[in-house]
file work_30.txt (compact mmCIF, C-alpha atoms)
# COMPACT_ATOMS: atom_id res chain seq x y z
CA LEU F 3 22.76 135.72 44.62
CA SER F 4 26.14 135.75 46.38
CA GLN F 5 25.19 138.99 48.16
CA MET F 6 21.89 137.51 49.36
CA VAL F 7 23.64 134.36 50.59
CA GLU F 8 26.25 136.39 52.46
CA PHE F 9 23.54 138.58 54.01
CA THR F 10 21.52 135.63 55.31
CA GLN F 11 24.61 133.73 56.49
CA GLN F 12 25.69 136.80 58.44
CA LEU F 13 22.28 136.81 60.15
CA VAL F 14 22.81 133.15 61.05
CA ARG F 15 26.24 133.87 62.51
CA LYS F 16 24.95 136.80 64.60
CA ALA F 17 21.71 135.19 65.78
CA HIS F 18 23.31 133.91 69.00
CA ARG F 19 23.63 137.50 70.22
CA VAL F 20 19.85 137.91 70.16
CA ARG F 21 19.34 134.65 72.07
CA ASP F 22 22.11 135.52 74.55
CA SER F 23 20.62 138.93 75.26
CA ARG F 24 17.25 137.42 76.18
CA PHE F 25 18.47 134.43 78.16
CA GLY F 26 21.12 136.60 79.78
CA MET F 27 18.35 138.63 81.44
CA LEU F 28 17.01 135.60 83.32
CA ASP F 29 17.65 135.66 87.06
CA ARG F 30 20.39 133.12 87.85
CA SER F 31 20.91 134.21 91.47
CA THR F 32 19.27 130.96 92.64
CA VAL F 33 17.86 127.86 90.98
CA GLU F 34 14.36 128.86 92.08
CA SER F 35 14.64 132.35 90.60
CA TYR F 36 15.94 130.95 87.31
CA VAL F 37 13.07 128.46 87.06
CA ARG F 38 10.58 131.22 87.79
CA THR F 39 11.94 133.67 85.22
CA ALA F 40 12.57 130.96 82.62
CA ASN F 41 8.84 130.22 82.51
CA VAL F 42 8.42 133.39 80.44
CA GLU F 43 10.87 132.07 77.83
CA ARG F 44 9.26 128.63 77.93
CA GLU F 45 5.90 130.16 77.06
CA ARG F 46 7.38 132.33 74.30
CA ILE F 47 9.24 129.40 72.74
CA HIS F 48 6.14 127.22 72.86
CA GLU F 49 4.06 129.93 71.20
CA GLU F 50 6.52 131.27 68.61
CA LEU F 51 8.80 128.37 67.73
CA PHE F 52 6.37 125.43 67.84
CA GLY F 53 2.88 126.93 67.97
CA LYS F 54 0.67 126.25 70.97
CA LEU F 55 -2.70 124.52 70.93
CA PRO F 56 -5.24 124.69 73.79
CA THR F 57 -4.58 122.32 76.68
CA PRO F 58 -6.47 119.05 76.06
CA THR F 59 -9.60 118.74 78.20
CA MET F 60 -11.42 115.69 76.84
CA ALA F 61 -11.25 112.31 78.59
CA ALA F 62 -8.32 110.16 77.44
CA ASN F 63 -10.59 107.09 77.15
CA PRO F 64 -7.65 104.61 77.16
CA ARG F 65 -7.93 101.44 75.07
CA SER F 66 -5.37 98.66 75.14
CA ARG F 67 -4.65 95.17 73.88
CA LEU F 68 -1.90 92.66 74.59
CA VAL F 69 0.56 92.55 71.66
CA LEU F 70 3.64 90.79 73.06
CA GLU F 71 4.74 88.64 75.97
CA ASP F 72 7.94 86.87 76.99
CA LYS F 73 9.49 85.71 80.26
CA HIS F 74 10.49 89.28 81.20
CA MET F 75 7.57 91.49 80.16
CA ARG F 76 4.13 92.04 78.72
CA GLY F 77 3.51 94.64 76.04
CA TYR F 78 0.22 96.45 75.47
CA GLU F 79 -0.71 98.61 72.50
CA VAL F 80 -2.43 101.72 73.88
CA VAL F 81 -4.61 104.42 72.30
CA LEU F 82 -5.60 107.68 74.04
CA ASP F 83 -7.87 110.53 72.92
CA VAL F 84 -6.24 113.99 72.81
CA TYR F 85 -8.59 116.18 70.76
CA GLU F 86 -11.50 115.27 68.54
CA ASN F 87 -10.00 113.11 65.77
CA VAL F 88 -6.51 113.36 67.34
CA ILE F 89 -5.09 110.42 69.30
CA ALA F 90 -1.91 109.47 71.11
CA ALA F 91 -0.73 105.87 70.79
CA GLY F 92 2.15 103.63 71.74
CA VAL F 93 3.28 100.41 73.39
CA LEU F 94 3.46 99.98 77.17
CA LEU F 95 5.97 97.43 78.52
CA LEU F 96 5.42 96.08 82.03
CA PRO F 97 8.06 93.96 83.82
CA LYS F 98 6.67 90.64 84.98
CA ASP F 99 8.27 90.97 88.41
CA LEU F 100 6.06 93.95 89.38
CA LEU F 101 4.79 93.56 92.94
CA THR F 102 1.31 94.53 94.08
CA GLY F 103 1.29 98.19 95.07
CA GLU F 104 4.86 98.78 93.84
CA LYS F 105 5.57 102.15 92.20
CA ARG F 106 8.34 102.10 89.59
CA PRO F 107 10.06 104.74 87.43
CA VAL F 108 9.09 105.03 83.77
CA VAL F 109 11.27 105.61 80.71
CA VAL F 110 9.50 106.93 77.61
CA CYS F 111 11.52 105.60 74.64
CA GLN F 112 11.00 107.60 71.46
CA HIS F 113 11.64 106.31 67.92
CA GLY F 114 13.12 108.37 65.10
CA LEU F 115 12.07 109.43 61.59
CA GLU F 116 9.69 106.97 59.88
CA GLY F 117 9.83 104.75 62.95
CA VAL F 118 7.25 102.86 64.99
CA PRO F 119 7.27 101.87 68.69
CA MET F 120 8.21 98.25 67.91
CA ASP F 121 11.47 99.49 66.36
CA THR F 122 12.63 100.36 69.90
CA ILE F 123 11.58 96.93 71.21
CA SER F 124 12.37 94.29 68.57
CA GLY F 125 15.54 92.20 68.70
CA PRO F 126 18.57 91.69 66.39
CA GLU F 127 16.44 90.13 63.64
CA SER F 128 14.51 93.38 63.12
CA ARG F 129 15.09 96.26 60.71
CA GLY F 130 15.34 98.82 63.51
CA TYR F 131 17.84 97.01 65.73
CA ARG F 132 20.96 98.56 64.17
CA ALA F 133 19.92 102.02 65.35
CA TYR F 134 17.80 101.29 68.43
CA LYS F 135 19.56 98.26 69.94
CA SER F 136 16.20 97.19 71.43
CA PHE F 137 16.68 99.85 74.11
CA ALA F 138 13.05 99.93 75.22
CA ALA F 139 13.02 96.18 75.87
CA GLU F 140 16.44 96.35 77.55
CA LEU F 141 15.24 99.03 79.96
CA CYS F 142 12.17 96.96 80.78
CA ARG F 143 14.40 93.94 81.48
CA ARG F 144 16.29 96.21 83.88
CA GLY F 145 13.05 96.74 85.78
CA PHE F 146 11.73 100.04 84.43
CA VAL F 147 8.18 100.48 83.25
CA VAL F 148 8.63 101.56 79.61
CA TYR F 149 6.36 103.38 77.18
CA ALA F 150 7.21 103.72 73.46
CA PRO F 151 4.99 106.38 71.83
CA GLN F 152 4.12 106.72 68.16
CA ASN F 153 5.06 110.21 66.99
CA PRO F 154 3.55 111.54 63.72
CA TYR F 155 6.76 111.97 61.70
CA ARG F 156 6.03 108.96 59.53
CA GLY F 157 4.66 108.54 56.01
CA GLY F 158 6.94 110.68 53.87
CA ASP F 159 5.07 113.61 52.37
CA LYS F 160 1.93 112.68 54.31
CA PHE F 161 3.34 114.04 57.57
CA ARG F 162 5.29 116.80 55.83
CA THR F 163 2.03 117.99 54.28
CA LEU F 164 0.58 118.20 57.79
CA GLN F 165 3.50 120.45 58.73
CA ARG F 166 3.04 122.57 55.59
CA LYS F 167 -0.67 123.05 56.24
CA SER F 168 -0.04 123.87 59.90
CA ASN F 169 2.64 126.53 59.31
CA PRO F 170 0.29 129.26 57.95
CA LEU F 171 -1.77 128.78 61.14
CA GLY F 172 1.28 129.42 63.30
CA LEU F 173 1.53 125.70 64.14
CA SER F 174 3.91 122.79 63.52
CA LEU F 175 4.16 119.05 64.11
CA PHE F 176 5.23 119.74 67.69
CA SER F 177 2.02 121.71 68.24
CA TYR F 178 0.34 118.28 68.23
CA ILE F 179 3.17 116.20 69.65
CA ILE F 180 3.40 118.20 72.90
CA PRO F 181 -0.31 117.75 73.81
CA GLN F 182 -0.05 114.06 72.83
CA HIS F 183 2.75 113.66 75.36
CA LEU F 184 0.86 115.65 78.00
CA VAL F 185 -2.13 113.32 77.72
CA THR F 186 0.24 110.33 77.77
CA LEU F 187 1.88 111.65 80.96
CA ARG F 188 -1.52 112.10 82.60
CA TRP F 189 -2.42 108.51 81.77
CA LEU F 190 0.93 107.06 82.83
CA SER F 191 0.74 108.98 86.13
CA SER F 192 -2.65 107.41 86.85
CA LEU F 193 -1.37 103.81 86.62
CA ASP F 194 -1.07 101.93 89.90
CA HIS F 195 2.48 100.73 89.24
CA VAL F 196 3.91 104.10 88.10
CA ASP F 197 5.66 106.71 90.24
CA PRO F 198 4.48 109.97 88.58
CA GLU F 199 7.51 111.84 89.95
CA ARG F 200 9.93 109.54 88.08
CA ILE F 201 9.01 109.62 84.39
CA GLY F 202 12.04 110.14 82.14
CA PHE F 203 12.45 110.57 78.38
CA TYR F 204 15.04 108.98 76.04
CA GLY F 205 14.85 109.57 72.29
CA LEU F 206 17.00 108.75 69.25
CA SER F 207 17.37 110.87 66.08
CA TYR F 208 13.94 112.51 65.49
CA GLY F 209 13.25 111.18 68.97
CA GLY F 210 16.29 113.21 70.02
CA LYS F 211 14.65 116.25 68.42
CA THR F 212 11.67 115.42 70.60
CA ALA F 213 13.96 115.19 73.65
CA VAL F 214 14.87 118.88 73.39
CA ARG F 215 11.40 120.08 72.39
CA VAL F 216 8.89 118.14 74.50
CA PRO F 217 10.32 117.56 78.02
CA PRO F 218 11.47 121.22 78.31
CA MET F 219 7.89 122.29 77.58
CA LEU F 220 6.40 119.78 80.05
CA PRO F 221 7.83 120.29 83.53
CA SER F 222 5.89 118.88 86.45
CA THR F 223 3.51 121.45 87.99
CA LYS F 224 0.76 121.45 90.60
CA GLU F 225 -1.75 121.04 87.79
CA GLU F 226 0.01 118.64 85.39
CA PRO F 227 2.57 115.79 85.45
CA GLY F 228 5.83 116.27 83.58
CA TYR F 229 9.09 114.69 82.52
CA CYS F 230 11.69 114.57 85.30
CA LEU F 231 14.70 114.12 82.94
CA SER F 232 15.57 113.96 79.24
CA ILE F 233 18.22 112.20 77.11
CA CYS F 234 18.91 113.37 73.55
CA SER F 235 20.61 110.69 71.44
CA ALA F 236 21.96 110.98 67.87
CA ASP F 237 20.57 114.43 67.22
CA TYR F 238 22.14 117.12 69.44
CA ASN F 239 23.71 119.87 67.34
CA GLU F 240 24.45 123.49 66.68
CA TRP F 241 20.97 123.44 65.24
CA ILE F 242 20.86 126.90 63.65
CA ALA F 243 23.92 126.16 61.51
CA LYS F 244 22.64 122.63 60.85
CA ASN F 245 19.46 124.18 59.42
CA ALA F 246 20.85 127.09 57.44
CA SER F 247 24.57 126.68 56.70
CA VAL F 248 25.55 126.72 53.03
CA ASP F 249 28.98 125.27 53.84
CA ALA F 250 28.19 122.04 55.73
CA LYS F 251 27.29 119.06 53.56
CA PHE F 252 24.87 117.78 56.22
CA SER F 253 22.88 121.04 56.34
CA TYR F 254 19.13 120.69 55.80
CA ILE F 255 19.46 123.15 52.90
CA TRP F 256 20.67 120.16 50.86
CA THR F 257 18.07 117.58 51.95
CA GLY F 258 14.45 116.84 51.12
CA GLU F 259 13.29 117.21 54.70
CA TYR F 260 11.51 120.48 54.07
CA GLU F 261 9.44 120.22 57.26
CA ILE F 262 12.47 120.66 59.49
CA PHE F 263 12.62 124.46 59.62
CA GLU F 264 11.04 126.25 62.60
CA TRP F 265 9.94 129.86 62.68
CA ASN F 266 12.60 132.40 63.74
CA MET F 267 14.59 129.71 65.57
CA GLY F 268 17.85 131.63 65.27
CA HIS F 269 16.43 134.48 67.34
CA VAL F 270 14.30 132.32 69.67
CA ALA F 271 16.16 129.21 70.90
CA ASN F 272 18.93 126.90 69.74
CA TYR F 273 19.47 123.48 71.33
CA ALA F 274 21.42 125.02 74.23
CA GLU F 275 18.56 127.32 75.19
CA LEU F 276 15.99 124.54 74.83
CA SER F 277 18.15 122.31 77.04
CA MET F 278 18.50 125.05 79.68
CA LEU F 279 14.73 124.96 80.09
CA MET F 280 15.15 121.48 81.61
CA THR F 281 16.63 123.18 84.72
CA PRO F 282 16.71 121.87 87.43
CA ARG F 283 15.89 118.50 85.88
CA PRO F 284 18.70 116.18 84.68
CA PHE F 285 19.65 116.39 81.00
CA MET F 286 22.04 114.24 78.94
CA VAL F 287 23.41 113.99 75.38
CA GLU F 288 24.55 110.75 73.69
CA ARG F 289 26.80 111.28 70.64
CA GLY F 290 28.57 108.81 68.34
CA HIS F 291 31.83 110.00 66.75
CA ASP F 292 30.73 108.63 63.35
CA ASP F 293 27.16 109.94 63.43
CA GLY F 294 26.65 111.80 60.16
CA VAL F 295 24.02 114.20 61.52
CA GLY F 296 26.81 116.56 62.60
CA LEU F 297 30.33 116.98 63.92
CA ASP F 298 31.61 116.31 67.42
CA GLU F 299 32.96 119.86 67.49
CA TRP F 300 29.52 121.35 66.75
CA VAL F 301 27.86 119.14 69.36
CA ALA F 302 30.49 119.99 71.99
CA TRP F 303 30.21 123.73 71.17
CA GLU F 304 26.46 123.74 71.78
CA TYR F 305 26.54 121.45 74.81
CA ALA F 306 29.29 123.51 76.49
CA LYS F 307 26.74 126.29 77.03
CA VAL F 308 24.47 123.86 78.84
CA ARG F 309 27.30 122.52 81.01
CA ARG F 310 28.31 126.06 81.99
CA HIS F 311 24.69 126.96 82.77
CA TYR F 312 24.18 123.95 85.07
CA ASN F 313 27.56 124.50 86.74
CA LYS F 314 26.84 128.18 87.41
CA LEU F 315 23.64 127.16 89.18
CA GLY F 316 25.46 124.53 91.24
CA LEU F 317 23.75 121.70 89.32
CA GLY F 318 26.74 120.34 87.41
CA ASP F 319 26.10 116.76 88.54
CA LEU F 320 22.71 116.80 86.78
CA THR F 321 24.00 117.01 83.22
CA GLU F 322 26.50 115.07 81.14
CA ILE F 323 27.47 114.11 77.61
CA GLU F 324 28.85 110.80 76.36
CA PHE F 325 30.93 110.61 73.19
CA PHE F 326 31.36 107.02 71.99
CA ASP F 327 33.10 105.40 69.03
CA GLY F 328 30.13 104.52 66.88
CA PRO F 329 27.49 105.66 64.34
CA HIS F 330 23.89 106.91 64.52
CA THR F 331 22.72 104.53 67.24
CA ILE F 332 21.81 103.96 70.86
CA ASN F 333 25.00 103.21 72.80
CA GLY F 334 23.28 102.38 76.10
CA GLN F 335 26.25 102.71 78.44
CA ALA F 336 26.45 106.05 80.23
CA THR F 337 22.81 106.74 79.39
CA TYR F 338 21.63 103.62 81.22
CA ARG F 339 23.72 104.57 84.25
CA PHE F 340 22.25 108.07 84.04
CA LEU F 341 18.71 106.65 84.08
CA HIS F 342 19.38 104.28 86.97
CA HIS F 343 20.97 107.06 89.01
CA HIS F 344 18.51 109.88 88.42
CA LEU F 345 15.40 107.67 88.45
CA SER F 346 16.59 106.00 91.64
CA TRP F 347 16.42 102.44 90.36
CA PRO F 348 19.34 100.10 91.22
CA GLU F 349 21.35 98.63 88.36
CA SER F 350 21.66 95.38 90.31
CA ARG F 351 18.03 94.64 89.47
call {"tool": "encode", "arguments": {"input": "work_30.txt", "output": "structure tokens"}}
result
Amino acid sequence: LSQMVEFTQQLVRKAHRVRDSRFGMLDRSTVESYVRTANVERERIHEELFGKLPTPTMAANPRSRLVLEDKHMRGYEVVLDVYENVIAAGVLLLPKDLLTGEKRPVVVCQHGLEGVPMDTISGPESRGYRAYKSFAAELCRRGFVVYAPQNPYRGGDKFRTLQRKSNPLGLSLFSYIIPQHLVTLRWLSSLDHVDPERIGFYGLSYGGKTAVRVPPMLPSTKEEPGYCLSICSADYNEWIAKNASVDAKFSYIWTGEYEIFEWNMGHVANYAELSMLMTPRPFMVERGHDDGVGLDEWVAWEYAKVRRHYNKLGLGDLTEIEFFDGPHTINGQATYRFLHHHLSWPESR
């Protein structure tokens, strides 16, 4: 047993060499050449790591109903069709000071494990406020159009069974989540009060997992809308070690979250490589010193590769990390400034 453990742990420690050899072959002579050559890796990662479903072609058939209203905003529950018997759903928040014909930036605010969209919206009296700090509602009060999607990682073994059944087909939860977000982006881009070039993503915990898996796979193209920036909160990590280390007490080897493992991730893409696929779009990490999902040193190790990558391409002002003195939660300081700056929406509003 000890020999088998040592063998597999040695593979984990050496896996970065395989990733470095592939990503090192990408053309970094210019930003344009990197984006062009990185598309090959984006396609491979989508296919091998997550599993890729056909691009949705059916009509979204949006349905909505008013579910909340206060002096600052109205909230609408929304349902969209993705595939037959597969939907995308969430809550759309619209500021009440929207002017006729005005196009505003959007922030998609993603909940974490076992969460629902209202967790990102509800105030201090709610169960979710300790982690989410009502960040979706706060961003709407700041003038952004906000959308809080429902992702499928909810229901205990119900969603983990979906992952287990999908794996033998070469699929995973993110095989469904990515098309759900694509259909959501199409719908958001069609709204009169939305600027389709300014749709950003901000996710906490499992929403942070989404932040490094969905926006990198959905850049804006001539054919499809995409995310123009991404913020990963309370999740960023040296993800290969986090998955497979036998030494770290917070490794997924010791937890019941058996759906977390992704095929051949050590040889395909860690969080740094996934983040690099955001190029040339802005990317940010939010990390609390007391967040038990990892260690500051692991987070800084992995993010340093991203910082170097952006700097080497002359894009250093498009990425940043904020460490704050706090737990597994939205901090909402540097991240809000990041959103205002890169989505071109004044904080004074």
call {"tool": "atom_distance", "arguments": {"input": "work_30.txt", "atom1": "atom CA of Ile123 of chain F", "atom2": "atom CA of Ser207 of chain F"}}
result
15.9 Å
call {"tool": "residues_around", "arguments": {"input": "work_30.txt", "residues": "segment 346-348 of chain F", "least_positions_apart": "6", "cutoff": "10 Å", "atoms": "all atoms listed in the file", "output": "mmCIF file with C-alpha atoms, in the coordinates of the input"}}
result
data_model
loop_
_atom_site.group_PDB
_atom_site.id
_atom_site.type_symbol
_atom_site.label_atom_id
_atom_site.label_comp_id
_atom_site.auth_asym_id
_atom_site.auth_seq_id
_atom_site.Cartn_x
_atom_site.Cartn_y
_atom_site.Cartn_z
ATOM 1 C CA ARG F 106 8.340 102.100 89.590
ATOM 2 C CA PRO F 107 10.060 104.740 87.430
ATOM 3 C CA ARG F 144 16.290 96.210 83.880
ATOM 4 C CA GLY F 145 13.050 96.740 85.780
ATOM 5 C CA PHE F 146 11.730 100.040 84.430
ATOM 6 C CA ARG F 200 9.930 109.540 88.080
ATOM 7 C CA ARG F 339 23.720 104.570 84.250
ATOM 8 C CA PHE F 340 22.250 108.070 84.040
#
call {"tool": "atom_distance", "arguments": {"input": "work_30.txt", "atom1": "atom CA of Pro119 of chain F", "atom2": "atom CA of Leu206 of chain F"}}
result
11.9 Å
call {"tool": "closest_residue", "arguments": {"input": "work_30.txt", "among": "F:Leu190, F:Ile332, F:Ser350, F:Tyr204", "to": "Gly130 of chain F", "atoms": "all atoms listed in the file"}}
result
F:Ile332
call {"tool": "closest_atom_pairs", "arguments": {"input": "work_30.txt", "of": "segment 219-318 of chain F", "to": "segment 44-51 of chain F", "cutoff": "7 Å", "atoms": "all atoms listed in the file", "output": "tab-separated table"}}
result
residue	atom	partner	partner_atom	distance
F:Met219	CA	F:Arg44	CA	6.5
F:Glu264	CA	F:Leu51	CA	6.0
F:Trp265	CA	F:Leu51	CA	5.4
F:Asn266	CA	F:Leu51	CA	6.8
F:Met267	CA	F:Leu51	CA	6.3
F:Val270	CA	F:Ile47	CA	6.6
F:Leu279	CA	F:Arg44	CA	6.9
call {"tool": "closest_residue", "arguments": {"input": "work_30.txt", "among": "F:Arg143, F:Ala243, F:Glu299, F:Pro151", "to": "Thr122 of chain F", "atoms": "only C-alpha atoms"}}
result
F:Pro151
call {"tool": "closest_residue", "arguments": {"input": "work_30.txt", "among": "F:Val33, F:Leu184, F:Ile262, F:Ala17", "to": "Leu315 of chain F", "atoms": "all atoms listed in the file"}}
result
F:Val33
call {"tool": "atom_distance", "arguments": {"input": "work_30.txt", "atom1": "atom CA of Lys135 of chain F", "atom2": "atom CA of Asp121 of chain F"}}
result
8.9 Å
call {"tool": "closest_residue", "arguments": {"input": "work_30.txt", "among": "F:Gly157, F:Gly117, F:Gly290, F:Pro64", "to": "Val84 of chain F", "atoms": "only C-alpha atoms"}}
result
F:Pro64
call {"tool": "decode", "arguments": {"input": "work_30.txt", "residues": "segment 194-204 of chain F", "atoms": "all heavy atoms", "output": "PDB file, in the first residue's frame"}}
result
ATOM      1  N   ASP F 194     -33.011  44.384 -23.798  1.00  0.00           N
ATOM      2  CA  ASP F 194     -32.835  45.766 -24.250  1.00  0.00           C
ATOM      3  C   ASP F 194     -31.894  46.569 -23.365  1.00  0.00           C
ATOM      4  O   ASP F 194     -31.215  47.484 -23.831  1.00  0.00           O
ATOM      5  CB  ASP F 194     -34.201  46.476 -24.304  1.00  0.00           C
ATOM      6  CG  ASP F 194     -35.103  45.913 -25.387  1.00  0.00           C
ATOM      7  OD1 ASP F 194     -34.568  45.287 -26.338  1.00  0.00           O
ATOM      8  OD2 ASP F 194     -36.329  46.092 -25.283  1.00  0.00           O
ATOM      9  N   HIS F 195     -31.844  46.251 -22.077  1.00  0.00           N
ATOM     10  CA  HIS F 195     -31.080  47.062 -21.130  1.00  0.00           C
ATOM     11  C   HIS F 195     -29.703  46.458 -20.816  1.00  0.00           C
ATOM     12  O   HIS F 195     -29.053  46.866 -19.866  1.00  0.00           O
ATOM     13  CB  HIS F 195     -31.874  47.232 -19.830  1.00  0.00           C
ATOM     14  CG  HIS F 195     -32.629  45.994 -19.429  1.00  0.00           C
ATOM     15  ND1 HIS F 195     -33.946  45.805 -19.758  1.00  0.00           N
ATOM     16  CD2 HIS F 195     -32.234  44.880 -18.773  1.00  0.00           C
ATOM     17  CE1 HIS F 195     -34.347  44.635 -19.304  1.00  0.00           C
ATOM     18  NE2 HIS F 195     -33.321  44.053 -18.699  1.00  0.00           N
ATOM     19  N   VAL F 196     -29.269  45.475 -21.601  1.00  0.00           N
ATOM     20  CA  VAL F 196     -27.989  44.797 -21.351  1.00  0.00           C
ATOM     21  C   VAL F 196     -26.992  45.117 -22.460  1.00  0.00           C
ATOM     22  O   VAL F 196     -27.329  45.061 -23.645  1.00  0.00           O
ATOM     23  CB  VAL F 196     -28.188  43.266 -21.250  1.00  0.00           C
ATOM     24  CG1 VAL F 196     -26.852  42.523 -21.340  1.00  0.00           C
ATOM     25  CG2 VAL F 196     -28.907  42.913 -19.955  1.00  0.00           C
ATOM     26  N   ASP F 197     -25.764  45.450 -22.062  1.00  0.00           N
ATOM     27  CA  ASP F 197     -24.668  45.578 -23.012  1.00  0.00           C
ATOM     28  C   ASP F 197     -24.011  44.207 -23.145  1.00  0.00           C
ATOM     29  O   ASP F 197     -23.338  43.745 -22.214  1.00  0.00           O
ATOM     30  CB  ASP F 197     -23.642  46.597 -22.509  1.00  0.00           C
ATOM     31  CG  ASP F 197     -22.476  46.788 -23.465  1.00  0.00           C
ATOM     32  OD1 ASP F 197     -22.364  46.017 -24.446  1.00  0.00           O
ATOM     33  OD2 ASP F 197     -21.655  47.693 -23.240  1.00  0.00           O
ATOM     34  N   PRO F 198     -24.176  43.507 -24.263  1.00  0.00           N
ATOM     35  CA  PRO F 198     -23.660  42.134 -24.390  1.00  0.00           C
ATOM     36  C   PRO F 198     -22.149  42.033 -24.341  1.00  0.00           C
ATOM     37  O   PRO F 198     -21.611  40.943 -24.140  1.00  0.00           O
ATOM     38  CB  PRO F 198     -24.207  41.679 -25.744  1.00  0.00           C
ATOM     39  CG  PRO F 198     -24.501  42.923 -26.502  1.00  0.00           C
ATOM     40  CD  PRO F 198     -24.886  43.947 -25.479  1.00  0.00           C
ATOM     41  N   GLU F 199     -21.449  43.161 -24.515  1.00  0.00           N
ATOM     42  CA  GLU F 199     -19.983  43.144 -24.437  1.00  0.00           C
ATOM     43  C   GLU F 199     -19.485  43.280 -23.004  1.00  0.00           C
ATOM     44  O   GLU F 199     -18.278  43.180 -22.762  1.00  0.00           O
ATOM     45  CB  GLU F 199     -19.405  44.293 -25.288  1.00  0.00           C
ATOM     46  CG  GLU F 199     -19.794  44.244 -26.750  1.00  0.00           C
ATOM     47  CD  GLU F 199     -19.309  42.977 -27.422  1.00  0.00           C
ATOM     48  OE1 GLU F 199     -18.156  42.579 -27.158  1.00  0.00           O
ATOM     49  OE2 GLU F 199     -20.078  42.374 -28.191  1.00  0.00           O
ATOM     50  N   ARG F 200     -20.387  43.521 -22.058  1.00  0.00           N
ATOM     51  CA  ARG F 200     -19.976  43.742 -20.661  1.00  0.00           C
ATOM     52  C   ARG F 200     -20.766  42.832 -19.723  1.00  0.00           C
ATOM     53  O   ARG F 200     -21.549  43.281 -18.898  1.00  0.00           O
ATOM     54  CB  ARG F 200     -20.165  45.210 -20.273  1.00  0.00           C
ATOM     55  CG  ARG F 200     -19.243  46.180 -20.990  1.00  0.00           C
ATOM     56  CD  ARG F 200     -19.384  47.593 -20.418  1.00  0.00           C
ATOM     57  NE  ARG F 200     -20.676  48.179 -20.756  1.00  0.00           N
ATOM     58  CZ  ARG F 200     -21.181  49.275 -20.170  1.00  0.00           C
ATOM     59  NH1 ARG F 200     -20.507  49.883 -19.193  1.00  0.00           N
ATOM     60  NH2 ARG F 200     -22.352  49.766 -20.550  1.00  0.00           N
ATOM     61  N   ILE F 201     -20.544  41.524 -19.850  1.00  0.00           N
ATOM     62  CA  ILE F 201     -21.171  40.549 -18.961  1.00  0.00           C
ATOM     63  C   ILE F 201     -20.057  39.831 -18.204  1.00  0.00           C
ATOM     64  O   ILE F 201     -19.259  39.093 -18.787  1.00  0.00           O
ATOM     65  CB  ILE F 201     -22.036  39.531 -19.725  1.00  0.00           C
ATOM     66  CG1 ILE F 201     -23.118  40.253 -20.546  1.00  0.00           C
ATOM     67  CG2 ILE F 201     -22.676  38.541 -18.754  1.00  0.00           C
ATOM     68  CD1 ILE F 201     -23.994  39.323 -21.368  1.00  0.00           C
ATOM     69  N   GLY F 202     -19.966  40.086 -16.894  1.00  0.00           N
ATOM     70  CA  GLY F 202     -18.924  39.510 -16.057  1.00  0.00           C
ATOM     71  C   GLY F 202     -19.469  38.420 -15.157  1.00  0.00           C
ATOM     72  O   GLY F 202     -20.678  38.283 -14.957  1.00  0.00           O
ATOM     73  N   PHE F 203     -18.548  37.645 -14.579  1.00  0.00           N
ATOM     74  CA  PHE F 203     -18.912  36.507 -13.729  1.00  0.00           C
ATOM     75  C   PHE F 203     -18.207  36.634 -12.376  1.00  0.00           C
ATOM     76  O   PHE F 203     -17.018  36.968 -12.317  1.00  0.00           O
ATOM     77  CB  PHE F 203     -18.495  35.195 -14.394  1.00  0.00           C
ATOM     78  CG  PHE F 203     -18.955  33.959 -13.666  1.00  0.00           C
ATOM     79  CD1 PHE F 203     -20.116  33.318 -14.054  1.00  0.00           C
ATOM     80  CD2 PHE F 203     -18.241  33.453 -12.594  1.00  0.00           C
ATOM     81  CE1 PHE F 203     -20.554  32.180 -13.366  1.00  0.00           C
ATOM     82  CE2 PHE F 203     -18.671  32.327 -11.895  1.00  0.00           C
ATOM     83  CZ  PHE F 203     -19.833  31.689 -12.293  1.00  0.00           C
ATOM     84  N   TYR F 204     -18.935  36.331 -11.285  1.00  0.00           N
ATOM     85  CA  TYR F 204     -18.387  36.411  -9.928  1.00  0.00           C
ATOM     86  C   TYR F 204     -19.005  35.266  -9.135  1.00  0.00           C
ATOM     87  O   TYR F 204     -20.202  35.251  -8.897  1.00  0.00           O
ATOM     88  CB  TYR F 204     -18.758  37.773  -9.335  1.00  0.00           C
ATOM     89  CG  TYR F 204     -18.157  38.153  -7.994  1.00  0.00           C
ATOM     90  CD1 TYR F 204     -18.456  39.407  -7.452  1.00  0.00           C
ATOM     91  CD2 TYR F 204     -17.328  37.326  -7.253  1.00  0.00           C
ATOM     92  CE1 TYR F 204     -17.932  39.822  -6.230  1.00  0.00           C
ATOM     93  CE2 TYR F 204     -16.796  37.724  -6.037  1.00  0.00           C
ATOM     94  CZ  TYR F 204     -17.107  38.976  -5.526  1.00  0.00           C
ATOM     95  OH  TYR F 204     -16.587  39.375  -4.313  1.00  0.00           O
TER      96      TYR F 204
END
